[in-house]
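Engineer: Just dropping this structure here.
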Protein chains: 2
Amino acid sequence: MVYGNLGETSGTGVGFTRDPAIGDKTFYGEFLLNAQGEDVVSGVRTPAHITELERIMPDVYNQLRDITTRLEKHYRDVQDFEFTIQDGKLYMLQTRNAKRTGLAAVRVALQMVEEGLITKEEAIFRVDPNQLYDFLVPRLKEKGVKVEVLAKGLPASPGAAVGQIVFTADEAVAKAGHGGKNPVILVRAETTPEDIHGMEVAKGILTSRGGMTSHAAVVTRGMGKCCVAGAGDIEVNEKSRVMRVKGQEFKEGDWISLDGTTGRVIKGKLETIPPKADDPELLTFMKWAEPFRKLGVRANADIPRDAEQARAFGAEGIGLCRTEHMFFGEKKLPHMRAMILANTEKDRRAALKKLLPLQRSDFAGVFRAMDGFPVTIRTLDPPLHEFLPRREDLMVEIAVLEATKPKASKLKELRTLLRRVEELHEFNPMLGHRGCRLGITYPEITEMQARAIFEAACDVAKAGVKVLPEVMIPLTATLKEMANQAAIVNRVAEEVFKEKGRKVDYLVGTMIELPRAALVADEIAKEAQFFSFGTNDLTQTTFGFSRDDVNKVLPTYIAEGILKQDPFAVLDQEGVGQLVKMATERGRKTRPTLKVGICGEHGGEPSSVEFCHKVGLNYVSCSPFRVLTARLAAAQAAASDKLKVEGGRTK
Amino acid sequence: MVYGNLGETSGTGVGFTRDPAIGDKTFYGEFLLNAQGEDVVSGVRTPAHITELERIMPDVYNQLRDITTRLEKHYRDVQDFEFTIQDGKLYMLQTRNAKRTGLAAVRVALQMVEEGLITKEEAIFRVDPNQLYDFLVPRLKEKGVKVEVLAKGLPASPGAAVGQIVFTADEAVAKAGHGGKNPVILVRAETTPEDIHGMEVAKGILTSRGGMTSHAAVVTRGMGKCCVAGAGDIEVNEKSRVMRVKGQEFKEGDWISLDGTTGRVIKGKLETIPPKADDPELLTFMKWAEPFRKLGVRANADIPRDAEQARAFGAEGIGLCRTEHMFFGEKKLPHMRAMILANTEKDRRAALKKLLPLQRSDFAGVFRAMDGFPVTIRTLDPPLHEFLPRREDLMVEIAVLEATKPKASKLKELRTLLRRVEELHEFNPMLGHRGCRLGITYPEITEMQARAIFEAACDVAKAGVKVLPEVMIPLTATLKEMANQAAIVNRVAEEVFKEKGRKVDYLVGTMIELPRAALVADEIAKEAQFFSFGTNDLTQTTFGFSRDDVNKVLPTYIAEGILKQDPFAVLDQEGVGQLVKMATERGRKTRPTLKVGICGEHGGEPSSVEFCHKVGLNYVSCSPFRVLTARLAAAQAAASDKLKVEGGRTK
């Protein structure tokens, strides 16, 4: 037993051999004279900076510096230590490898290679791939500021955002002003595709419902925008424009700060620290890691801007370009609705004709951004009712009009709309009329999309850009579905090539996102030239968990130890992974050259990337803001194989 | 070329060597003098009975009898033949094995064994197992009646029903009167669990939406009640109490007739022919088939009456007793709702306490009915919102009140209810908070159900009945879920046995109804003493098809040849079947004594039963009215193995 509270020549403290926040090689710590460890921790007394020790007890300070330097050399890593001084004599209580930010991890890894403490190969493992995020997103400046945490939600999309509360997408647009000059935070119970325009201008998104793969979470991660989702303690009343939490009421215009990295919702207006993706130390570090990597890394991007961003982060192609997001724009939604509301194929074709040039120009932009790299474009996937007003809203509007203005002329139109919405209504939309089922029941949709893809490809190729389109059919479960859609795509490709007098190389493949597809992958590979695992949907169906509803069950499941983690965030290797492995093997048995990738949320999660490497996939595809993480995780997985380094990771 | 239209010594006709409707050994046919085949088919002239030929051309008639008798002996089956007479000379044009009803098939099989034409073993294959239905349900009497078919829906539950139209369950009860003395047909867009009381009193159910496994279809098949589902041409307006079809309007009280065997909806009031399940010929036939059977046949039954019915049809146990149906009764729903609306575990337990004696007495009744046979009881499965009013109805009611009577005292109560309904609302209920997820988040529900089961078992055993309860945990995907629920069941069992001073043998097992469960079946079998495949849900998740929504896709899929049949009606052996086989093998690897059954709709479908036999399942379980079919299908599968009879089936 040693005592730090025996008078003014005694004391206790904690420290780090290098700065754990930014990685500077500065000795960093705090201490208290005449105190025990509890006094430092409890915060009753304010500790002094470690340099103060140098002034008061220079011998002890030098001894401490000496010991901790030796400890760092011995463990070959930054140390986080505790010490006590009893009557002028130094006692070390504990030392361990220090936790650090991503910024610090990279800098320290570089320093230690330079110092000869570790090799470059070891350095690769000193950074948790997830932490590379720190270079891409702003952070909250919390030092010296009073922080009142209002609630904790899920860290759905990392980074920080500070702004004034708005409750609807339209308000967000109105309030944000031109170029988004006024920072706003969009607060909603949950977001839907109709909120996209508001999400685009908001600095951050806060929802009271939904999980790590809810609409808000997935879309914001794609945008690299901060999001705290499923903050259940917050009650959002969009109608009366009020957010209630901890007995306090927040109105439109009130300031809040979000920390998407930890899931915290903070009262008031904090400052942010900007990101630095082109940090030279980061670039050096990645240059060391990259040569190991075998797995390709692509990005999921729907629009040219995201594709450019992805390429800047090192993406080697687009693994998933979702065409439906293209239909939510102001210009396109009316045509899309006209298409859905059409009663005949002829009317549907007329509406599709108006969508064709709009899609074509979107595709051309993405192709241009990815010059020389493949672009995987998925044909229309979501159920059509997602493009129409919500059924319950229509029901309410009609009922209220009937009760108050039964002669309103609007009623007839609303009733017609509701009838179509009712026809499209589904009990379980996730398991409904979507994916290739749309393209099979309405072949003219697949035709229009194929035409837009190939016309864009020919036009862009003519301008000297190298285009490699890969058309991806979603939600197949049988060989015949694949054959049906591939036949349409191939026919339209031939037509366009003939019209344009130019051919481009392309592939037609499918998403494997249903258990049945994995089970009959050998059959499907007869028609599919590539597979891409849609592990979000595959997890939903394999587990029987709706990702929008799983939040009702997940907290209990984690607390009870039934699940270790959210299977939508971290690939369930035991179950879903079995299907991934099985489908890859069976598919390649039929077609040895089959290209196989993954484009679910898991494509950017390190342990899942490692799994993809082990199973022998060709590439992973993830949100642009996950590309760096995926690149490092893939490099680590391959380096692990090569170096047989065991337990070499920091942490 | 022969001509039947060369004058009064020429003619043409068709016939059967035995009556194809009831199987009597009477020569049966029709002919037209001075006519060609088209004239008989077109119906322009009314043909004469074949006996007329005997009077006019006795030689030709005798020759025809002689030839067709020889043909029947040659083909060893009833013949359906066509002939032409040219100038007094008989020409046979065609002969083939005749299609026949189930009644006829059984009778003919018996006759032919007696006549020495076929062996008993062959006779077993002369009846399509599906056709045994004919013995269990009434038929429409159509002979000599004008039949106007209004629409064709899905033959969701066979049999016939004739009655007056009603549009709500309450009306059905009111109109049907005491003991259901007035026949009513419940017509709805779709049915929900809240319609059960109306479905119980109705003679038949007609819906305009939903597939072969929609709520209406599944429930009516369970009840052995006629149902035509998804008759898309019919427009049902429940609010204005009108059904529109073919430009005609039908109101409450109008008569219609349903043919659930063919899916026809017929205008007006036809007569019905009653069923005969205890037909002595049927019993003889089954006595021949039964000794071959290796697969056990159980029934799905939720209430004592159904269990008794199932036993009468030869069920050797209950393979699925759904406890949720027990909560929809008038007495129980209020307590169930109180349980769901409870804010604390204490309040929830108080409500559950009121449900306990009601469940106990239900279980006791089922145990008594199945004396000596196992009863598999599934713990609560459906999402809780199924027990509450519909969200959209509440939204409409509140909005209308707000617009018209904003001070109505009811508003506060409705808003509170809506808040809870919103909390429970799910985007994809099928993939939501249900199955064992309920029992894990609310362990007190599983506790109450286990207590009701074991208290009932002890009480009934005390009265000398042999009880074999099997507690089945729904929707497991992981070993830990199974372990969690099994621990509760086993603990409560011990408690009850101690209190009652009596033990009963029981098993705890699980439904395998998620792909993940099949994939990790070796793990789950560590805790599960039996598996029962819930192939309805397993098909939903494996295929990614919601059975309530599949009707939007299925017609196109069948028409395009993408699917050969509805995978909810006929087990998808290639995909879902792979999982069934895999789970059986993996489960038995861990636990060689594992009892494995199937309790989805497929348990009563002949080709699926054959598959279950081949895969080595212990039993199939199906609706009581499917038990006969399953018994014969299982016998045929085993006899096929044994006799290596190839192509021996009628048809």
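Quick note on naming: the chains in the structure tokens go A, B, ... in the order shown, residues restart at 1 in each chain, and ligands are numbered from 1 in order of appearance.
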Go through chain A residue by residue and, counting only C-alpha atoms, keep those with an atom at most 7 Å from chain B; for each kept residue give the shortest atom pair and its distance in Å to one decimal, ordered by chain and increasing number, as JSON lines.

Structural biologist:
```
{"residue": "A:Glu392", "atom": "CA", "partner": "B:Glu392", "partner_atom": "CA", "distance": 5.6}
{"residue": "A:Met395", "atom": "CA", "partner": "B:Val396", "partner_atom": "CA", "distance": 6.6}
{"residue": "A:Val396", "atom": "CA", "partner": "B:Val396", "partner_atom": "CA", "distance": 4.7}
{"residue": "A:Ala399", "atom": "CA", "partner": "B:Val396", "partner_atom": "CA", "distance": 6.3}
{"residue": "A:Val400", "atom": "CA", "partner": "B:Val400", "partner_atom": "CA", "distance": 5.0}
{"residue": "A:Ala403", "atom": "CA", "partner": "B:Val400", "partner_atom": "CA", "distance": 6.5}
{"residue": "A:Glu426", "atom": "CA", "partner": "B:Asp549", "partner_atom": "CA", "distance": 5.9}
{"residue": "A:Phe427", "atom": "CA", "partner": "B:Asp549", "partner_atom": "CA", "distance": 6.7}
{"residue": "A:Asn428", "atom": "CA", "partner": "B:Asn428", "partner_atom": "CA", "distance": 4.4}
{"residue": "A:Pro429", "atom": "CA", "partner": "B:Asn428", "partner_atom": "CA", "distance": 6.6}
{"residue": "A:Met430", "atom": "CA", "partner": "B:Asn428", "partner_atom": "CA", "distance": 6.6}
{"residue": "A:Leu431", "atom": "CA", "partner": "B:Phe545", "partner_atom": "CA", "distance": 4.7}
{"residue": "A:Gly432", "atom": "CA", "partner": "B:Ser546", "partner_atom": "CA", "distance": 5.8}
{"residue": "A:His433", "atom": "CA", "partner": "B:Val553", "partner_atom": "CA", "distance": 6.4}
{"residue": "A:Arg437", "atom": "CA", "partner": "B:Val553", "partner_atom": "CA", "distance": 6.8}
{"residue": "A:Thr441", "atom": "CA", "partner": "B:Thr556", "partner_atom": "CA", "distance": 6.4}
{"residue": "A:Ala477", "atom": "CA", "partner": "B:Phe543", "partner_atom": "CA", "distance": 6.2}
{"residue": "A:Lys480", "atom": "CA", "partner": "B:Ile562", "partner_atom": "CA", "distance": 5.4}
{"residue": "A:Glu481", "atom": "CA", "partner": "B:Ile562", "partner_atom": "CA", "distance": 6.4}
{"residue": "A:Leu514", "atom": "CA", "partner": "B:Gly544", "partner_atom": "CA", "distance": 6.2}
{"residue": "A:Pro515", "atom": "CA", "partner": "B:Thr542", "partner_atom": "CA", "distance": 4.9}
{"residue": "A:Arg516", "atom": "CA", "partner": "B:Thr542", "partner_atom": "CA", "distance": 5.1}
{"residue": "A:Leu519", "atom": "CA", "partner": "B:Gly575", "partner_atom": "CA", "distance": 6.1}
{"residue": "A:Val520", "atom": "CA", "partner": "B:Gly575", "partner_atom": "CA", "distance": 6.7}
{"residue": "A:Thr541", "atom": "CA", "partner": "B:Thr541", "partner_atom": "CA", "distance": 4.8}
{"residue": "A:Thr542", "atom": "CA", "partner": "B:Pro515", "partner_atom": "CA", "distance": 4.9}
{"residue": "A:Phe543", "atom": "CA", "partner": "B:Arg516", "partner_atom": "CA", "distance": 5.6}
{"residue": "A:Gly544", "atom": "CA", "partner": "B:Leu431", "partner_atom": "CA", "distance": 4.8}
{"residue": "A:Phe545", "atom": "CA", "partner": "B:Leu431", "partner_atom": "CA", "distance": 4.7}
{"residue": "A:Ser546", "atom": "CA", "partner": "B:Leu431", "partner_atom": "CA", "distance": 4.9}
{"residue": "A:Asp548", "atom": "CA", "partner": "B:Phe427", "partner_atom": "CA", "distance": 6.7}
{"residue": "A:Asp549", "atom": "CA", "partner": "B:Gly432", "partner_atom": "CA", "distance": 5.8}
{"residue": "A:Val550", "atom": "CA", "partner": "B:Gly432", "partner_atom": "CA", "distance": 6.6}
{"residue": "A:Lys552", "atom": "CA", "partner": "B:His433", "partner_atom": "CA", "distance": 6.7}
{"residue": "A:Val553", "atom": "CA", "partner": "B:His433", "partner_atom": "CA", "distance": 6.4}
{"residue": "A:Thr556", "atom": "CA", "partner": "B:Thr441", "partner_atom": "CA", "distance": 6.4}
{"residue": "A:Ile562", "atom": "CA", "partner": "B:Lys480", "partner_atom": "CA", "distance": 5.4}
{"residue": "A:Gly575", "atom": "CA", "partner": "B:Arg516", "partner_atom": "CA", "distance": 5.4}
```

Engineer: Could you write out the selected residues, including N, CA and C atoms, as a CSV table (one decimal), in the first residue's frame?

Structural biologist:
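Saved as result35.csv:
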```csv
chain,number,residue,atom,x,y,z
A,392,GLU,N,-52.1,6.5,-44.8
A,392,GLU,CA,-52.8,6.9,-43.7
A,392,GLU,C,-53.1,8.4,-43.7
A,395,MET,N,-56.0,8.9,-46.0
A,395,MET,CA,-57.2,8.4,-45.3
A,395,MET,C,-57.7,9.5,-44.3
A,396,VAL,N,-56.8,10.1,-43.6
A,396,VAL,CA,-57.2,11.1,-42.6
A,396,VAL,C,-57.7,12.4,-43.4
A,399,ALA,N,-61.2,11.7,-44.7
A,399,ALA,CA,-62.2,11.6,-43.7
A,399,ALA,C,-62.5,12.9,-43.1
A,400,VAL,N,-61.5,13.8,-42.9
A,400,VAL,CA,-61.7,15.1,-42.4
A,400,VAL,C,-62.5,15.9,-43.4
A,403,ALA,N,-66.1,14.9,-43.4
A,403,ALA,CA,-66.8,15.4,-42.2
A,403,ALA,C,-67.1,16.9,-42.2
A,426,GLU,N,-49.0,-2.7,-48.9
A,426,GLU,CA,-48.6,-4.0,-48.6
A,426,GLU,C,-48.4,-4.1,-47.1
A,427,PHE,N,-48.7,-5.3,-46.6
A,427,PHE,CA,-48.5,-5.6,-45.2
A,427,PHE,C,-47.0,-5.6,-44.8
A,428,ASN,N,-46.2,-6.2,-45.7
A,428,ASN,CA,-44.8,-6.3,-45.4
A,428,ASN,C,-44.0,-5.8,-46.7
A,429,PRO,N,-43.9,-4.5,-46.9
A,429,PRO,CA,-43.3,-4.0,-48.1
A,429,PRO,C,-42.0,-4.6,-48.4
A,430,MET,N,-41.2,-4.9,-47.4
A,430,MET,CA,-39.9,-5.5,-47.6
A,430,MET,C,-40.0,-6.8,-48.3
A,431,LEU,N,-41.1,-7.5,-48.1
A,431,LEU,CA,-41.2,-8.8,-48.7
A,431,LEU,C,-42.3,-8.8,-49.9
A,432,GLY,N,-42.4,-7.6,-50.5
A,432,GLY,CA,-43.5,-7.4,-51.4
A,432,GLY,C,-43.1,-7.3,-52.8
A,433,HIS,N,-43.9,-6.4,-53.5
A,433,HIS,CA,-43.8,-6.2,-54.9
A,433,HIS,C,-42.7,-5.2,-55.2
A,437,ARG,N,-39.1,-8.1,-59.2
A,437,ARG,CA,-40.6,-8.3,-59.4
A,437,ARG,C,-41.2,-7.2,-60.1
A,441,THR,N,-43.1,-7.6,-63.7
A,441,THR,CA,-44.5,-7.2,-64.0
A,441,THR,C,-44.6,-6.0,-64.9
A,477,ALA,N,-34.6,-14.5,-56.8
A,477,ALA,CA,-34.7,-15.7,-56.0
A,477,ALA,C,-34.6,-17.0,-56.8
A,480,LYS,N,-35.0,-18.1,-63.3
A,480,LYS,CA,-35.8,-17.6,-64.4
A,480,LYS,C,-36.0,-16.1,-64.2
A,481,GLU,N,-36.1,-15.6,-63.0
A,481,GLU,CA,-36.2,-14.1,-62.9
A,481,GLU,C,-35.0,-13.5,-63.5
A,514,LEU,N,-31.5,-12.6,-51.0
A,514,LEU,CA,-32.5,-13.5,-50.4
A,514,LEU,C,-31.9,-14.8,-50.1
A,515,PRO,N,-32.2,-15.5,-49.0
A,515,PRO,CA,-31.6,-16.8,-48.7
A,515,PRO,C,-31.8,-17.7,-49.9
A,516,ARG,N,-32.9,-17.7,-50.6
A,516,ARG,CA,-33.1,-18.6,-51.7
A,516,ARG,C,-32.1,-18.4,-52.8
A,519,LEU,N,-29.1,-20.2,-51.9
A,519,LEU,CA,-29.2,-21.6,-51.9
A,519,LEU,C,-29.1,-22.1,-53.4
A,520,VAL,N,-29.6,-21.3,-54.3
A,520,VAL,CA,-29.6,-21.8,-55.7
A,520,VAL,C,-28.7,-21.0,-56.5
A,541,THR,N,-33.9,-11.1,-44.1
A,541,THR,CA,-34.6,-12.3,-44.4
A,541,THR,C,-34.0,-13.5,-43.7
A,542,THR,N,-32.7,-13.5,-43.5
A,542,THR,CA,-32.1,-14.7,-42.9
A,542,THR,C,-32.5,-14.7,-41.4
A,543,PHE,N,-32.4,-13.5,-40.8
A,543,PHE,CA,-32.7,-13.4,-39.4
A,543,PHE,C,-34.2,-13.2,-39.1
A,544,GLY,N,-35.0,-12.8,-40.1
A,544,GLY,CA,-36.4,-12.4,-39.9
A,544,GLY,C,-36.5,-11.1,-39.1
A,545,PHE,N,-35.5,-10.2,-39.3
A,545,PHE,CA,-35.6,-8.9,-38.6
A,545,PHE,C,-35.8,-7.8,-39.6
A,546,SER,N,-36.8,-7.0,-39.4
A,546,SER,CA,-36.9,-5.8,-40.3
A,546,SER,C,-36.0,-4.8,-39.7
A,548,ASP,N,-36.0,-1.7,-40.0
A,548,ASP,CA,-36.7,-0.5,-39.5
A,548,ASP,C,-37.4,-0.8,-38.2
A,549,ASP,N,-37.5,-2.0,-37.8
A,549,ASP,CA,-38.3,-2.3,-36.6
A,549,ASP,C,-37.4,-3.0,-35.5
A,550,VAL,N,-36.2,-3.3,-35.9
A,550,VAL,CA,-35.4,-4.1,-35.0
A,550,VAL,C,-35.0,-3.4,-33.7
A,552,LYS,N,-36.9,-2.3,-31.6
A,552,LYS,CA,-37.8,-2.7,-30.6
A,552,LYS,C,-37.2,-3.9,-29.8
A,553,VAL,N,-36.4,-4.7,-30.5
A,553,VAL,CA,-36.0,-5.9,-29.9
A,553,VAL,C,-34.5,-5.8,-29.5
A,556,THR,N,-32.9,-5.1,-25.8
A,556,THR,CA,-33.1,-6.3,-24.9
A,556,THR,C,-32.1,-7.4,-25.3
A,562,ILE,N,-28.1,-12.1,-25.9
A,562,ILE,CA,-28.5,-13.0,-26.9
A,562,ILE,C,-27.8,-12.7,-28.2
A,575,GLY,N,-24.4,-17.0,-39.3
A,575,GLY,CA,-25.7,-17.3,-40.1
A,575,GLY,C,-25.6,-16.7,-41.5
```

Engineer: If you count only C-alpha atoms, which residues fall within 9 Å of segment 194-203 of chain A, apart from same-chain ones fewer than 3 positions away, as an NGL selection string?

Structural biologist: :A and (160-163 or 166 or 168-173 or 176-177 or 179-180 or 183-186 or 191 or 216 or 219-220 or 223 or 225-226 or 325 or 328-330 or 386-387 or 389)

Engineer: What does the distance between atom CA of Lys412 of chain B and atom CA of Leu341 of chain B come to in Å, to one decimal place?

Structural biologist: 15.0 Å

Engineer: Enumerate, in order of chain and increasing residue number, the residues of segment 100-216 of chain A with an atom no farther than 7 Å from segment 262-266 of chain A, each with its shortest atom pair and distance in Å to one decimal, counting only C-alpha atoms, as CSV.

Structural biologist:
```
residue,atom,partner,partner_atom,distance
A:Val147,CA,A:Ile266,CA,6.7
A:Glu148,CA,A:Ile266,CA,5.6
A:Val149,CA,A:Ile266,CA,4.5
A:Leu150,CA,A:Ile266,CA,5.5
A:Ala151,CA,A:Val265,CA,5.3
A:Lys152,CA,A:Arg264,CA,4.7
A:Gly153,CA,A:Gly263,CA,4.8
A:Leu154,CA,A:Gly263,CA,4.9
A:Pro155,CA,A:Gly263,CA,4.0
```

Engineer: At a cut-off of 8 Å, using only C-alpha atoms, what residues contact Ala450 of chain B? Leave out same-chain residues fewer than 2 positions from it and give the result as a ChimeraX atom specification.

Structural biologist: /B:446-448,452-454,471,489,492-493

Engineer: Generate a file of the selected residues that holds C-alpha atoms, formatted as a PDB file, in the first residue's frame.

Structural biologist:
```pdb
ATOM      1  CA  THR B 446     -44.017 -17.140 -21.479  1.00  0.00           C
ATOM      2  CA  GLU B 447     -44.267 -17.773 -17.741  1.00  0.00           C
ATOM      3  CA  MET B 448     -48.048 -17.416 -17.754  1.00  0.00           C
ATOM      4  CA  ALA B 452     -51.361 -22.623 -17.936  1.00  0.00           C
ATOM      5  CA  ILE B 453     -49.971 -25.565 -19.915  1.00  0.00           C
ATOM      6  CA  PHE B 454     -48.544 -27.455 -16.935  1.00  0.00           C
ATOM      7  CA  VAL B 471     -43.971 -26.659 -25.681  1.00  0.00           C
ATOM      8  CA  VAL B 489     -40.537 -23.204 -19.380  1.00  0.00           C
ATOM      9  CA  VAL B 492     -42.245 -23.057 -14.356  1.00  0.00           C
ATOM     10  CA  ALA B 493     -42.771 -26.779 -15.007  1.00  0.00           C
TER      11      ALA B 493
END
```

Engineer: Nearest to Tyr61 of chain B among B:His613, B:Lys89, B:Arg586, B:His74, with distances taken over only C-alpha atoms: which residue is it?

Structural biologist: B:Lys89

Engineer: Quick check for you: according to DSSP on this backbone, which residues of segment 156-244 of chain B are classed as strand (DSSP E or B)? Reply as JSON, numbers by chain.

Structural biologist: {"B": [156, 157, 160, 161, 162, 163, 164, 165, 166, 184, 185, 186, 187, 188, 204, 205, 206, 207, 226, 227, 228, 229, 235, 236, 237, 242, 243, 244]}

Engineer: Could you pull the residues within 8 Å of Ile318 of chain A, counting only C-alpha atoms, minus those fewer than 2 positions along the same chain, as a list in words?

Structural biologist: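 The residues satisfying every condition are Arg298, Ala299, Asn300, Ala301, Ala307, Ala315, Glu316, Leu320, Cys321, Met370, Phe373, Pro374, Val375, Thr376 and Ser621 of chain A.
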
Engineer: Go ahead and dump the residues you just picked, N, CA and C atoms, as a PDB file, in the first residue's frame.

Structural biologist:
```pdb
ATOM      1  N   ARG A 298     -14.952  -0.554 -53.504  1.00  0.00           N
ATOM      2  CA  ARG A 298     -15.778   0.355 -54.295  1.00  0.00           C
ATOM      3  C   ARG A 298     -16.672   1.152 -53.348  1.00  0.00           C
ATOM      4  N   ALA A 299     -17.424   2.075 -53.932  1.00  0.00           N
ATOM      5  CA  ALA A 299     -18.332   2.863 -53.096  1.00  0.00           C
ATOM      6  C   ALA A 299     -19.764   2.732 -53.595  1.00  0.00           C
ATOM      7  N   ASN A 300     -20.700   2.918 -52.693  1.00  0.00           N
ATOM      8  CA  ASN A 300     -22.104   3.033 -53.058  1.00  0.00           C
ATOM      9  C   ASN A 300     -22.383   4.513 -53.282  1.00  0.00           C
ATOM     10  N   ALA A 301     -22.760   4.865 -54.476  1.00  0.00           N
ATOM     11  CA  ALA A 301     -23.005   6.285 -54.772  1.00  0.00           C
ATOM     12  C   ALA A 301     -24.070   6.387 -55.847  1.00  0.00           C
ATOM     13  N   ALA A 307     -20.098  10.153 -56.301  1.00  0.00           N
ATOM     14  CA  ALA A 307     -19.122   9.329 -57.009  1.00  0.00           C
ATOM     15  C   ALA A 307     -17.754  10.014 -57.002  1.00  0.00           C
ATOM     16  N   ALA A 315     -11.935   5.059 -53.898  1.00  0.00           N
ATOM     17  CA  ALA A 315     -12.808   3.983 -54.384  1.00  0.00           C
ATOM     18  C   ALA A 315     -12.409   3.575 -55.798  1.00  0.00           C
ATOM     19  N   GLU A 316     -12.445   2.273 -56.064  1.00  0.00           N
ATOM     20  CA  GLU A 316     -12.038   1.744 -57.367  1.00  0.00           C
ATOM     21  C   GLU A 316     -13.251   1.334 -58.196  1.00  0.00           C
ATOM     22  N   LEU A 320     -22.612   0.035 -56.042  1.00  0.00           N
ATOM     23  CA  LEU A 320     -24.072   0.123 -55.977  1.00  0.00           C
ATOM     24  C   LEU A 320     -24.493   1.549 -56.287  1.00  0.00           C
ATOM     25  N   CYS A 321     -25.134   1.710 -57.447  1.00  0.00           N
ATOM     26  CA  CYS A 321     -25.756   2.987 -57.794  1.00  0.00           C
ATOM     27  C   CYS A 321     -27.256   2.732 -57.791  1.00  0.00           C
ATOM     28  N   MET A 370     -16.351   8.229 -62.776  1.00  0.00           N
ATOM     29  CA  MET A 370     -15.639   6.979 -62.510  1.00  0.00           C
ATOM     30  C   MET A 370     -14.826   6.507 -63.714  1.00  0.00           C
ATOM     31  N   PHE A 373     -13.210   3.070 -64.221  1.00  0.00           N
ATOM     32  CA  PHE A 373     -13.636   2.138 -63.161  1.00  0.00           C
ATOM     33  C   PHE A 373     -15.054   1.628 -63.424  1.00  0.00           C
ATOM     34  N   PRO A 374     -15.359   0.417 -62.986  1.00  0.00           N
ATOM     35  CA  PRO A 374     -16.712  -0.120 -63.217  1.00  0.00           C
ATOM     36  C   PRO A 374     -17.778   0.599 -62.381  1.00  0.00           C
ATOM     37  N   VAL A 375     -18.956   0.671 -62.944  1.00  0.00           N
ATOM     38  CA  VAL A 375     -20.092   1.277 -62.244  1.00  0.00           C
ATOM     39  C   VAL A 375     -21.249   0.277 -62.253  1.00  0.00           C
ATOM     40  N   THR A 376     -21.642  -0.176 -61.067  1.00  0.00           N
ATOM     41  CA  THR A 376     -22.731  -1.140 -60.956  1.00  0.00           C
ATOM     42  C   THR A 376     -24.028  -0.396 -60.707  1.00  0.00           C
ATOM     43  N   SER A 621     -18.120  -2.934 -51.293  1.00  0.00           N
ATOM     44  CA  SER A 621     -18.565  -1.602 -51.672  1.00  0.00           C
ATOM     45  C   SER A 621     -19.292  -0.986 -50.493  1.00  0.00           C
TER      46      SER A 621
END
```

Engineer: For segment 272-289 of chain B, please output as a list in words all residues within 8 Å (counting only C-alpha atoms; exclusion window: fewer than 4 positions along the same chain).

Structural biologist: Val106, Arg107, Leu110, Lys120, Glu121, Ile124, Asp134, Phe135, Leu136, Val137, Pro138, Arg139, Leu140, Lys141, Ala160, Ala161, Val162, Arg293, Leu632, Ala635 and Gln636 of chain B

Engineer: Please dump the current selection as a JSON list (two decimals), in the first residue's frame; keep C-alpha atoms.

Structural biologist:
```json
[["chain", "number", "residue", "atom", "x", "y", "z"],
["B", 106, "VAL", "CA", -62.37, -44.42, -54.23],
["B", 107, "ARG", "CA", -65.39, -46.43, -55.38],
["B", 110, "LEU", "CA", -62.51, -50.74, -54.64],
["B", 120, "LYS", "CA", -54.77, -53.42, -53.39],
["B", 121, "GLU", "CA", -51.29, -51.89, -53.60],
["B", 124, "ILE", "CA", -53.73, -46.97, -53.28],
["B", 134, "ASP", "CA", -64.67, -34.50, -51.52],
["B", 135, "PHE", "CA", -65.71, -36.75, -48.66],
["B", 136, "LEU", "CA", -65.38, -33.97, -46.09],
["B", 137, "VAL", "CA", -67.13, -31.01, -47.60],
["B", 138, "PRO", "CA", -70.49, -30.27, -49.16],
["B", 139, "ARG", "CA", -70.70, -29.73, -52.91],
["B", 140, "LEU", "CA", -72.92, -27.50, -55.01],
["B", 141, "LYS", "CA", -75.75, -29.26, -56.78],
["B", 160, "ALA", "CA", -69.52, -25.24, -51.06],
["B", 161, "ALA", "CA", -71.43, -22.54, -49.24],
["B", 162, "VAL", "CA", -74.70, -20.83, -49.99],
["B", 293, "ARG", "CA", -47.40, -45.15, -43.95],
["B", 632, "LEU", "CA", -52.95, -41.02, -48.01],
["B", 635, "ALA", "CA", -48.94, -43.90, -47.42],
["B", 636, "GLN", "CA", -48.38, -43.46, -51.15]]
```
